[in-house]
Each structure stands twice: as C-alpha cells, then as structure tokens.
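To start, the structure itself, in structure tokens.
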Protein chains: 2
Amino acid sequence: MAFSDHLSQIVKSVDGAVAASVMGFDGIAIETHQTPGADGLELSVAWVEYANLLNQLKGTAETLKTGKVSEVVVSSEKLLTLVRLVNKDYFLVLGLLPTGNYGKGRYVLRVTAPKVAAEL
Amino acid sequence: MAFSDHLSQIVKSVDGAVAASVMGFDGIAIETHQTPGADGLELSVAWVEYANLLNQLKGTAETLKTGKVSEVVVSSEKLLTLVRLVNKDYFLVLGLLPTGNYGKGRYVLRVTAPKVAAEL
C-alpha cells in the first residue's frame with residue numbers, strides 16, 4: 001500500500017479530519033493528503049514548526065526517565081494536531097477540526113504507524 | 001480555594017494520576033501535588049523541559065493561522081503528560097500513568113483551568 005493510500009484512508013475514516021502527512025523530523029513531508037477543509041490553515045507551515053519541536057521533545061524524552069515519546073497532541077482554536085512517531089526519523093501527523101473525532105484519530109494513527117514503518 | 005486544593009482535587013478525581021502542578025512558562029512551579037506513584041519519574045525535570053517547549057509552541061501558534069494553543073498532550077512509555085494553558089504566563093500540568101484515564105484527565109484540567117486563572 002502506498003503512503004498516499006494510508007493517508008487518504010486515515011482522513012476518510014476519521015470524522016473532521018482535514019489532512020494527514022508522513023513527515024521527517026527535518027520538517028520535509030514525504031507525502032500529504034489534504035481535503036478542501038484544510039484551506040486557509042497553512043498546515044504545512046505549522047507542521048514544519050511542530051517537526052522542529054518534536055525533534056527537541058524526542059531528544060529530551062530520551063534523556064529523561066519517562067521513556068520514549070510515542071504521541072503528541074496539540075489543540076489550538078482552529079485545529080487539533082495529532083502526531084504519532086513512526087520511527088526515529090519519521091512521524092505521522094493528522095489535522096482535525098476542533099469538532100473532529102479525537103479518540104478515533106488517535107486510534108487510527110496508532111494502528112497505521114506500524115504499517116507505514118514497515119514500508120519506510 | 002488554594003492552588004494545592006485544586007491540584008489534590010485533580011489528582012484525586014483522575015484514575016492513574018500521579019502528580020499535578022501549576023507552572024510558569026519560565027519552568028518554575030508555583031505549587032505541585034505529587035503521589036508516591038510519581039517516585040523515580042523525575043517529573044520536575046521533565047516539566048521544566050516541557051515548559052521550554054510549550055513556550056516555543058505558544059509563540060509559534062500565535063503567528064500561525066491555527067489560533068492559540070489551549071492544550072498539549074505528550075504520551076511516553078511511562079507517563080502521559082497533559083498540559084492545559086491557564087493564561088499567557090501559566091499552565092496546569094497533570095502526569096498520568098499510561099493506564100490512567102486520559103479522557104477524564106483532559107476534562108478535569110479543562111474545567112479547573114478557569115478556576116486557577118481566576119486566582120492568579
């Protein structure tokens with residue numbers, strides 16, 4: 001299954017999902033699937049910033065006793081951003097409208113991440 | 001109601017909660033309530049690092065079109081960290097065991113944040 005198929009599947013199966021992406025911690029997206037609902041949100045800019053922060057968070061968590069970070073969720077006024085780490089270099093990111101299905105989004109990322117990891 | 005009362009109330013009402021704190025974005029805690037379940041997790045070190053990251057995230061989100069950040073959740077192997085922004089200077093943070101009640105934790109922080117804000 002291609003990355004684009006995984007991503008469109010994620011967006012289709014979660015209510016309120018507007019975009020999903022496989023990104024590197026360098027801030028460069030391998031593949032992105034976006035719906036018209038994401039228009040005007042400048043997601044790519046936001047996610048490059050998040051990649052930078054995640055990179056620091058990953059480094060921090062490894063040196064702390066709380067163990068490796070697996071997931072990060074950032075809720076803002078217009079967007080919920082769910083991030084699931086795929087491996088040390090890549091992560092899955094899903095953008096949801098604030099009314100979207102948060103729990104389903106977390107679940108779908110959790111089950112999709114190992115499938116994406118197997119193909120990287 | 002004193003900060004310590006709010007914090008002990010939060011920890012008591014959420015299954016799996018091990019610690020809660022009112023912290024400034026400068027990484028300095030105003031008040032912390034911790035249970036023996038938090039022993040060995042070095043939470044204070046982790047949270048100072050998170051405060052630093054949140055500070056950047058807050059600045060980033062303000063310049064992006066996704067609106068102000070209200071909540072951040074970081075899941076790691078040994079701890080779920082739920083962070084709820086109280087105002088521009090302070091946030092509430094709750095540490096849960098990975099088996100803890102994530103949804104209840106988010107809810108309790110959301111309803112407690114305005115009460116804490118009113119007392120700051």
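By order in the structure tokens, chains are A, B, ...; within a chain, residues start at 1; ligands start at 1, following the order shown.
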Exercise for the section: Write down, as an MDAnalysis selection string, each residue of chain A that has any atom within 8 Å of an atom of chain B, counting only C-alpha atoms. Expected result: chainID A and resid 40:42 45:46 49:50 53 56:57 60:61 64:79
Is it possible to get the superposed chain B, fitted on chain A over all Cα pairs by sequence order, as an mmCIF file with N, CA and C atoms, in the first residue's frame?
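Output below, filename selection_24.cif:
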data_model
loop_
_atom_site.group_PDB
_atom_site.id
_atom_site.type_symbol
_atom_site.label_atom_id
_atom_site.label_comp_id
_atom_site.auth_asym_id
_atom_site.auth_seq_id
_atom_site.Cartn_x
_atom_site.Cartn_y
_atom_site.Cartn_z
ATOM 1 N N MET B 1 0.869 -1.187 0.046
ATOM 2 C CA MET B 1 -0.001 -0.009 0.020
ATOM 3 C C MET B 1 0.871 1.258 0.023
ATOM 4 N N ALA B 2 0.589 2.161 -0.885
ATOM 5 C CA ALA B 2 1.405 3.379 -0.974
ATOM 6 C C ALA B 2 1.089 4.309 0.196
ATOM 7 N N PHE B 3 2.043 5.205 0.511
ATOM 8 C CA PHE B 3 1.818 6.164 1.592
ATOM 9 C C PHE B 3 0.527 6.935 1.374
ATOM 10 N N SER B 4 0.306 7.338 0.106
ATOM 11 C CA SER B 4 -0.883 8.160 -0.169
ATOM 12 C C SER B 4 -2.171 7.411 0.142
ATOM 13 N N ASP B 5 -2.154 6.078 -0.052
ATOM 14 C CA ASP B 5 -3.338 5.281 0.274
ATOM 15 C C ASP B 5 -3.569 5.239 1.782
ATOM 16 N N HIS B 6 -2.485 5.041 2.544
ATOM 17 C CA HIS B 6 -2.613 5.060 4.002
ATOM 18 C C HIS B 6 -3.188 6.396 4.468
ATOM 19 N N LEU B 7 -2.668 7.475 3.894
ATOM 20 C CA LEU B 7 -3.065 8.812 4.331
ATOM 21 C C LEU B 7 -4.517 9.120 3.987
ATOM 22 N N SER B 8 -4.937 8.748 2.752
ATOM 23 C CA SER B 8 -6.330 9.030 2.383
ATOM 24 C C SER B 8 -7.271 8.164 3.220
ATOM 25 N N GLN B 9 -6.812 6.938 3.552
ATOM 26 C CA GLN B 9 -7.583 6.052 4.404
ATOM 27 C C GLN B 9 -7.785 6.662 5.808
ATOM 28 N N ILE B 10 -6.717 7.229 6.343
ATOM 29 C CA ILE B 10 -6.783 7.866 7.671
ATOM 30 C C ILE B 10 -7.800 9.006 7.641
ATOM 31 N N VAL B 11 -7.656 9.892 6.647
ATOM 32 C CA VAL B 11 -8.522 11.074 6.575
ATOM 33 C C VAL B 11 -9.985 10.664 6.384
ATOM 34 N N LYS B 12 -10.194 9.602 5.560
ATOM 35 C CA LYS B 12 -11.553 9.155 5.267
ATOM 36 C C LYS B 12 -12.219 8.533 6.495
ATOM 37 N N SER B 13 -11.431 7.865 7.347
ATOM 38 C CA SER B 13 -12.033 7.107 8.444
ATOM 39 C C SER B 13 -12.232 7.911 9.728
ATOM 40 N N VAL B 14 -11.745 9.161 9.748
ATOM 41 C CA VAL B 14 -11.881 9.963 10.975
ATOM 42 C C VAL B 14 -12.747 11.199 10.705
ATOM 43 N N ASP B 15 -13.848 11.320 11.406
ATOM 44 C CA ASP B 15 -14.726 12.480 11.252
ATOM 45 C C ASP B 15 -13.983 13.768 11.587
ATOM 46 N N GLY B 16 -14.075 14.749 10.692
ATOM 47 C CA GLY B 16 -13.454 16.045 10.953
ATOM 48 C C GLY B 16 -12.000 16.141 10.516
ATOM 49 N N ALA B 17 -11.450 15.043 9.985
ATOM 50 C CA ALA B 17 -10.045 15.071 9.536
ATOM 51 C C ALA B 17 -9.928 15.913 8.273
ATOM 52 N N VAL B 18 -8.925 16.796 8.224
ATOM 53 C CA VAL B 18 -8.749 17.645 7.043
ATOM 54 C C VAL B 18 -7.446 17.383 6.297
ATOM 55 N N ALA B 19 -6.472 16.775 6.983
ATOM 56 C CA ALA B 19 -5.198 16.491 6.318
ATOM 57 C C ALA B 19 -4.387 15.490 7.112
ATOM 58 N N ALA B 20 -3.592 14.703 6.391
ATOM 59 C CA ALA B 20 -2.663 13.771 7.037
ATOM 60 C C ALA B 20 -1.372 13.764 6.247
ATOM 61 N N SER B 21 -0.270 13.506 6.950
ATOM 62 C CA SER B 21 1.025 13.565 6.284
ATOM 63 C C SER B 21 2.022 12.595 6.926
ATOM 64 N N VAL B 22 2.937 12.077 6.095
ATOM 65 C CA VAL B 22 4.110 11.368 6.618
ATOM 66 C C VAL B 22 5.260 12.355 6.498
ATOM 67 N N MET B 23 5.831 12.729 7.644
ATOM 68 C CA MET B 23 6.888 13.751 7.627
ATOM 69 C C MET B 23 8.150 13.264 8.299
ATOM 70 N N GLY B 24 9.266 13.828 7.875
ATOM 71 C CA GLY B 24 10.530 13.575 8.544
ATOM 72 C C GLY B 24 10.738 14.602 9.641
ATOM 73 N N PHE B 25 11.581 14.263 10.602
ATOM 74 C CA PHE B 25 11.878 15.210 11.674
ATOM 75 C C PHE B 25 12.671 16.411 11.172
ATOM 76 N N ASP B 26 13.104 16.349 9.914
ATOM 77 C CA ASP B 26 13.746 17.507 9.318
ATOM 78 C C ASP B 26 12.710 18.496 8.763
ATOM 79 N N GLY B 27 11.394 18.156 8.944
ATOM 80 C CA GLY B 27 10.342 19.076 8.524
ATOM 81 C C GLY B 27 9.911 18.902 7.077
ATOM 82 N N ILE B 28 10.467 17.901 6.409
ATOM 83 C CA ILE B 28 10.107 17.672 5.009
ATOM 84 C C ILE B 28 9.095 16.544 4.900
ATOM 85 N N ALA B 29 7.951 16.818 4.261
ATOM 86 C CA ALA B 29 6.898 15.818 4.126
ATOM 87 C C ALA B 29 7.234 14.855 2.994
ATOM 88 N N ILE B 30 7.057 13.547 3.224
ATOM 89 C CA ILE B 30 7.218 12.548 2.161
ATOM 90 C C ILE B 30 5.971 12.568 1.288
ATOM 91 N N GLU B 31 4.816 12.644 1.965
ATOM 92 C CA GLU B 31 3.543 12.578 1.244
ATOM 93 C C GLU B 31 2.479 13.242 2.113
ATOM 94 N N THR B 32 1.542 13.947 1.472
ATOM 95 C CA THR B 32 0.466 14.607 2.218
ATOM 96 C C THR B 32 -0.856 14.385 1.511
ATOM 97 N N HIS B 33 -1.907 14.150 2.289
ATOM 98 C CA HIS B 33 -3.251 14.059 1.726
ATOM 99 C C HIS B 33 -4.085 15.135 2.417
ATOM 100 N N GLN B 34 -4.694 16.008 1.632
ATOM 101 C CA GLN B 34 -5.384 17.160 2.204
ATOM 102 C C GLN B 34 -6.773 17.309 1.594
ATOM 103 N N THR B 35 -7.755 17.700 2.397
ATOM 104 C CA THR B 35 -9.105 17.944 1.883
ATOM 105 C C THR B 35 -9.316 19.459 1.785
ATOM 106 N N PRO B 36 -10.373 19.893 1.080
ATOM 107 C CA PRO B 36 -10.619 21.339 0.981
ATOM 108 C C PRO B 36 -10.837 21.979 2.367
ATOM 109 N N GLY B 37 -11.210 21.161 3.373
ATOM 110 C CA GLY B 37 -11.426 21.691 4.729
ATOM 111 C C GLY B 37 -10.169 22.288 5.339
ATOM 112 N N ALA B 38 -9.010 21.947 4.776
ATOM 113 C CA ALA B 38 -7.739 22.444 5.320
ATOM 114 C C ALA B 38 -7.346 23.786 4.719
ATOM 115 N N ASP B 39 -8.116 24.258 3.747
ATOM 116 C CA ASP B 39 -7.767 25.505 3.070
ATOM 117 C C ASP B 39 -7.677 26.664 4.066
ATOM 118 N N GLY B 40 -6.653 27.454 3.913
ATOM 119 C CA GLY B 40 -6.521 28.648 4.739
ATOM 120 C C GLY B 40 -5.919 28.394 6.110
ATOM 121 N N LEU B 41 -5.555 27.140 6.406
ATOM 122 C CA LEU B 41 -4.971 26.849 7.720
ATOM 123 C C LEU B 41 -3.438 26.840 7.705
ATOM 124 N N GLU B 42 -2.839 26.939 6.540
ATOM 125 C CA GLU B 42 -1.377 26.911 6.415
ATOM 126 C C GLU B 42 -0.753 25.766 7.194
ATOM 127 N N LEU B 43 -1.311 24.574 6.989
ATOM 128 C CA LEU B 43 -0.851 23.416 7.743
ATOM 129 C C LEU B 43 0.618 23.117 7.552
ATOM 130 N N SER B 44 1.091 23.256 6.310
ATOM 131 C CA SER B 44 2.486 22.875 6.072
ATOM 132 C C SER B 44 3.435 23.716 6.910
ATOM 133 N N VAL B 45 3.119 24.994 7.066
ATOM 134 C CA VAL B 45 3.956 25.868 7.890
ATOM 135 C C VAL B 45 3.910 25.417 9.349
ATOM 136 N N ALA B 46 2.680 25.135 9.827
ATOM 137 C CA ALA B 46 2.512 24.706 11.216
ATOM 138 C C ALA B 46 3.294 23.428 11.478
ATOM 139 N N TRP B 47 3.214 22.483 10.537
ATOM 140 C CA TRP B 47 3.825 21.179 10.763
ATOM 141 C C TRP B 47 5.338 21.205 10.713
ATOM 142 N N VAL B 48 5.886 22.098 9.904
ATOM 143 C CA VAL B 48 7.347 22.234 9.906
ATOM 144 C C VAL B 48 7.790 22.713 11.288
ATOM 145 N N GLU B 49 7.032 23.650 11.857
ATOM 146 C CA GLU B 49 7.351 24.133 13.198
ATOM 147 C C GLU B 49 7.210 23.002 14.221
ATOM 148 N N TYR B 50 6.167 22.200 14.080
ATOM 149 C CA TYR B 50 5.944 21.089 15.008
ATOM 150 C C TYR B 50 7.071 20.067 14.900
ATOM 151 N N ALA B 51 7.529 19.829 13.684
ATOM 152 C CA ALA B 51 8.615 18.870 13.487
ATOM 153 C C ALA B 51 9.850 19.299 14.275
ATOM 154 N N ASN B 52 10.110 20.575 14.235
ATOM 155 C CA ASN B 52 11.230 21.142 14.966
ATOM 156 C C ASN B 52 11.076 20.917 16.472
ATOM 157 N N LEU B 53 9.867 21.181 16.976
ATOM 158 C CA LEU B 53 9.597 20.998 18.401
ATOM 159 C C LEU B 53 9.667 19.525 18.792
ATOM 160 N N LEU B 54 9.102 18.670 17.947
ATOM 161 C CA LEU B 54 9.113 17.230 18.215
ATOM 162 C C LEU B 54 10.521 16.698 18.304
ATOM 163 N N ASN B 55 11.344 17.221 17.459
ATOM 164 C CA ASN B 55 12.738 16.813 17.437
ATOM 165 C C ASN B 55 13.383 17.057 18.798
ATOM 166 N N GLN B 56 13.120 18.240 19.340
ATOM 167 C CA GLN B 56 13.650 18.570 20.667
ATOM 168 C C GLN B 56 13.029 17.682 21.736
ATOM 169 N N LEU B 57 11.716 17.476 21.621
ATOM 170 C CA LEU B 57 10.974 16.694 22.611
ATOM 171 C C LEU B 57 11.502 15.270 22.646
ATOM 172 N N LYS B 58 11.758 14.733 21.456
ATOM 173 C CA LYS B 58 12.267 13.385 21.323
ATOM 174 C C LYS B 58 13.625 13.274 22.036
ATOM 175 N N GLY B 59 14.481 14.237 21.778
ATOM 176 C CA GLY B 59 15.793 14.232 22.418
ATOM 177 C C GLY B 59 15.677 14.348 23.929
ATOM 178 N N THR B 60 14.757 15.229 24.353
ATOM 179 C CA THR B 60 14.556 15.441 25.781
ATOM 180 C C THR B 60 14.070 14.175 26.462
ATOM 181 N N ALA B 61 13.035 13.552 25.874
ATOM 182 C CA ALA B 61 12.421 12.379 26.499
ATOM 183 C C ALA B 61 13.412 11.230 26.618
ATOM 184 N N GLU B 62 14.315 11.142 25.647
ATOM 185 C CA GLU B 62 15.278 10.048 25.699
ATOM 186 C C GLU B 62 16.242 10.173 26.869
ATOM 187 N N THR B 63 16.483 11.400 27.285
ATOM 188 C CA THR B 63 17.414 11.588 28.400
ATOM 189 C C THR B 63 16.679 11.593 29.748
ATOM 190 N N LEU B 64 15.356 11.609 29.710
ATOM 191 C CA LEU B 64 14.566 11.601 30.946
ATOM 192 C C LEU B 64 14.131 10.177 31.268
ATOM 193 N N LYS B 65 13.570 10.021 32.443
ATOM 194 C CA LYS B 65 13.182 8.680 32.862
ATOM 195 C C LYS B 65 11.749 8.313 32.477
ATOM 196 N N THR B 66 11.096 9.175 31.701
ATOM 197 C CA THR B 66 9.709 8.888 31.329
ATOM 198 C C THR B 66 9.625 8.027 30.061
ATOM 199 N N GLY B 67 10.754 7.667 29.502
ATOM 200 C CA GLY B 67 10.762 6.779 28.333
ATOM 201 C C GLY B 67 10.547 7.520 27.029
ATOM 202 N N LYS B 68 10.573 6.770 25.939
ATOM 203 C CA LYS B 68 10.432 7.368 24.616
ATOM 204 C C LYS B 68 9.041 7.946 24.370
ATOM 205 N N VAL B 69 9.000 9.054 23.663
ATOM 206 C CA VAL B 69 7.731 9.682 23.301
ATOM 207 C C VAL B 69 7.103 8.902 22.145
ATOM 208 N N SER B 70 5.803 8.594 22.250
ATOM 209 C CA SER B 70 5.128 7.867 21.179
ATOM 210 C C SER B 70 4.096 8.733 20.461
ATOM 211 N N GLU B 71 3.551 9.732 21.171
ATOM 212 C CA GLU B 71 2.445 10.515 20.612
ATOM 213 C C GLU B 71 2.430 11.918 21.205
ATOM 214 N N VAL B 72 2.083 12.902 20.375
ATOM 215 C CA VAL B 72 1.924 14.268 20.859
ATOM 216 C C VAL B 72 0.666 14.849 20.235
ATOM 217 N N VAL B 73 -0.146 15.508 21.051
ATOM 218 C CA VAL B 73 -1.362 16.137 20.551
ATOM 219 C C VAL B 73 -1.332 17.615 20.911
ATOM 220 N N VAL B 74 -1.531 18.477 19.935
ATOM 221 C CA VAL B 74 -1.590 19.911 20.190
ATOM 222 C C VAL B 74 -2.973 20.416 19.795
ATOM 223 N N SER B 75 -3.707 20.961 20.769
ATOM 224 C CA SER B 75 -5.040 21.501 20.484
ATOM 225 C C SER B 75 -4.949 23.005 20.392
ATOM 226 N N SER B 76 -5.374 23.548 19.262
ATOM 227 C CA SER B 76 -5.456 25.001 19.156
ATOM 228 C C SER B 76 -6.862 25.375 18.706
ATOM 229 N N GLU B 77 -7.131 26.676 18.658
ATOM 230 C CA GLU B 77 -8.493 27.144 18.394
ATOM 231 C C GLU B 77 -9.125 26.548 17.142
ATOM 232 N N LYS B 78 -8.325 26.460 16.071
ATOM 233 C CA LYS B 78 -8.910 26.046 14.791
ATOM 234 C C LYS B 78 -8.523 24.652 14.348
ATOM 235 N N LEU B 79 -7.634 24.000 15.091
ATOM 236 C CA LEU B 79 -7.126 22.713 14.650
ATOM 237 C C LEU B 79 -6.605 21.858 15.800
ATOM 238 N N LEU B 80 -6.938 20.566 15.750
ATOM 239 C CA LEU B 80 -6.293 19.592 16.628
ATOM 240 C C LEU B 80 -5.228 18.913 15.787
ATOM 241 N N THR B 81 -3.998 18.872 16.264
ATOM 242 C CA THR B 81 -2.932 18.198 15.532
ATOM 243 C C THR B 81 -2.498 16.972 16.321
ATOM 244 N N LEU B 82 -2.670 15.788 15.709
ATOM 245 C CA LEU B 82 -2.271 14.539 16.337
ATOM 246 C C LEU B 82 -1.006 14.044 15.650
ATOM 247 N N VAL B 83 0.002 13.751 16.448
ATOM 248 C CA VAL B 83 1.271 13.295 15.891
ATOM 249 C C VAL B 83 1.621 11.941 16.484
ATOM 250 N N ARG B 84 1.941 10.979 15.632
ATOM 251 C CA ARG B 84 2.339 9.650 16.096
ATOM 252 C C ARG B 84 3.723 9.336 15.537
ATOM 253 N N LEU B 85 4.664 9.036 16.397
ATOM 254 C CA LEU B 85 6.006 8.720 15.906
ATOM 255 C C LEU B 85 6.007 7.371 15.193
ATOM 256 N N VAL B 86 6.637 7.333 14.026
ATOM 257 C CA VAL B 86 6.709 6.105 13.236
ATOM 258 C C VAL B 86 8.027 5.385 13.523
ATOM 259 N N ASN B 87 9.114 6.100 13.425
ATOM 260 C CA ASN B 87 10.431 5.575 13.829
ATOM 261 C C ASN B 87 11.295 6.790 14.187
ATOM 262 N N LYS B 88 12.603 6.597 14.297
ATOM 263 C CA LYS B 88 13.420 7.715 14.792
ATOM 264 C C LYS B 88 13.520 8.875 13.796
ATOM 265 N N ASP B 89 13.150 8.623 12.542
ATOM 266 C CA ASP B 89 13.276 9.678 11.535
ATOM 267 C C ASP B 89 11.948 10.272 11.051
ATOM 268 N N TYR B 90 10.869 9.495 11.196
ATOM 269 C CA TYR B 90 9.597 9.923 10.611
ATOM 270 C C TYR B 90 8.429 9.884 11.585
ATOM 271 N N PHE B 91 7.412 10.709 11.290
ATOM 272 C CA PHE B 91 6.179 10.664 12.075
ATOM 273 C C PHE B 91 4.966 10.863 11.171
ATOM 274 N N LEU B 92 3.815 10.408 11.682
ATOM 275 C CA LEU B 92 2.534 10.628 11.022
ATOM 276 C C LEU B 92 1.870 11.813 11.699
ATOM 277 N N VAL B 93 1.255 12.680 10.913
ATOM 278 C CA VAL B 93 0.548 13.803 11.523
ATOM 279 C C VAL B 93 -0.839 13.903 10.913
ATOM 280 N N LEU B 94 -1.815 14.183 11.781
ATOM 281 C CA LEU B 94 -3.215 14.265 11.346
ATOM 282 C C LEU B 94 -3.813 15.561 11.875
ATOM 283 N N GLY B 95 -4.404 16.347 10.969
ATOM 284 C CA GLY B 95 -5.077 17.583 11.364
ATOM 285 C C GLY B 95 -6.576 17.371 11.388
ATOM 286 N N LEU B 96 -7.188 17.725 12.529
ATOM 287 C CA LEU B 96 -8.643 17.569 12.694
ATOM 288 C C LEU B 96 -9.256 18.917 13.012
ATOM 289 N N LEU B 97 -10.480 19.130 12.561
ATOM 290 C CA LEU B 97 -11.219 20.296 13.030
ATOM 291 C C LEU B 97 -11.482 20.089 14.523
ATOM 292 N N PRO B 98 -11.657 21.198 15.285
ATOM 293 C CA PRO B 98 -11.854 21.043 16.738
ATOM 294 C C PRO B 98 -13.063 20.177 17.088
ATOM 295 N N THR B 99 -14.012 20.059 16.160
ATOM 296 C CA THR B 99 -15.195 19.224 16.387
ATOM 297 C C THR B 99 -14.962 17.776 15.950
ATOM 298 N N GLY B 100 -13.767 17.468 15.451
ATOM 299 C CA GLY B 100 -13.478 16.133 14.924
ATOM 300 C C GLY B 100 -13.396 15.056 16.000
ATOM 301 N N ASN B 101 -13.336 13.814 15.552
ATOM 302 C CA ASN B 101 -13.306 12.668 16.463
ATOM 303 C C ASN B 101 -11.869 12.382 16.943
ATOM 304 N N TYR B 102 -11.549 12.998 18.054
ATOM 305 C CA TYR B 102 -10.219 12.940 18.662
ATOM 306 C C TYR B 102 -9.787 11.497 18.971
ATOM 307 N N GLY B 103 -10.691 10.760 19.617
ATOM 308 C CA GLY B 103 -10.359 9.389 20.032
ATOM 309 C C GLY B 103 -10.112 8.480 18.838
ATOM 310 N N LYS B 104 -10.971 8.606 17.831
ATOM 311 C CA LYS B 104 -10.822 7.793 16.619
ATOM 312 C C LYS B 104 -9.520 8.162 15.899
ATOM 313 N N GLY B 105 -9.204 9.439 15.884
ATOM 314 C CA GLY B 105 -7.969 9.890 15.256
ATOM 315 C C GLY B 105 -6.749 9.262 15.904
ATOM 316 N N ARG B 106 -6.703 9.269 17.228
ATOM 317 C CA ARG B 106 -5.570 8.658 17.951
ATOM 318 C C ARG B 106 -5.473 7.179 17.621
ATOM 319 N N TYR B 107 -6.642 6.518 17.616
ATOM 320 C CA TYR B 107 -6.672 5.080 17.347
ATOM 321 C C TYR B 107 -6.144 4.766 15.944
ATOM 322 N N VAL B 108 -6.643 5.492 14.960
ATOM 323 C CA VAL B 108 -6.253 5.217 13.569
ATOM 324 C C VAL B 108 -4.754 5.462 13.350
ATOM 325 N N LEU B 109 -4.220 6.514 13.968
ATOM 326 C CA LEU B 109 -2.774 6.749 13.828
ATOM 327 C C LEU B 109 -1.975 5.618 14.478
ATOM 328 N N ARG B 110 -2.471 5.159 15.643
ATOM 329 C CA ARG B 110 -1.747 4.108 16.366
ATOM 330 C C ARG B 110 -1.673 2.827 15.538
ATOM 331 N N VAL B 111 -2.775 2.460 14.873
ATOM 332 C CA VAL B 111 -2.746 1.217 14.100
ATOM 333 C C VAL B 111 -2.063 1.392 12.738
ATOM 334 N N THR B 112 -2.054 2.626 12.215
ATOM 335 C CA THR B 112 -1.435 2.848 10.899
ATOM 336 C C THR B 112 0.090 2.999 10.985
ATOM 337 N N ALA B 113 0.577 3.544 12.106
ATOM 338 C CA ALA B 113 2.023 3.813 12.232
ATOM 339 C C ALA B 113 2.899 2.584 11.941
ATOM 340 N N PRO B 114 2.578 1.400 12.493
ATOM 341 C CA PRO B 114 3.435 0.241 12.198
ATOM 342 C C PRO B 114 3.397 -0.163 10.719
ATOM 343 N N LYS B 115 2.239 0.038 10.068
ATOM 344 C CA LYS B 115 2.133 -0.293 8.633
ATOM 345 C C LYS B 115 3.024 0.635 7.815
ATOM 346 N N VAL B 116 3.022 1.920 8.166
ATOM 347 C CA VAL B 116 3.871 2.879 7.461
ATOM 348 C C VAL B 116 5.347 2.571 7.738
ATOM 349 N N ALA B 117 5.637 2.238 9.009
ATOM 350 C CA ALA B 117 7.021 1.930 9.398
ATOM 351 C C ALA B 117 7.574 0.773 8.565
ATOM 352 N N ALA B 118 6.714 -0.204 8.297
ATOM 353 C CA ALA B 118 7.146 -1.391 7.552
ATOM 354 C C ALA B 118 7.517 -1.055 6.112
ATOM 355 N N GLU B 119 7.023 0.090 5.611
ATOM 356 C CA GLU B 119 7.266 0.462 4.217
ATOM 357 C C GLU B 119 8.349 1.519 4.040
ATOM 358 N N LEU B 120 8.855 2.028 5.158
ATOM 359 C CA LEU B 120 9.873 3.089 5.070
ATOM 360 C C LEU B 120 11.265 2.498 4.825
#
Exercise for the section: as a ChimeraX atom specification, list the residues of segment 71-117 of chain A assigned to strand (DSSP E) by DSSP on the backbone atoms of this structure. Expected result: /A:71-76,80-85,90-96
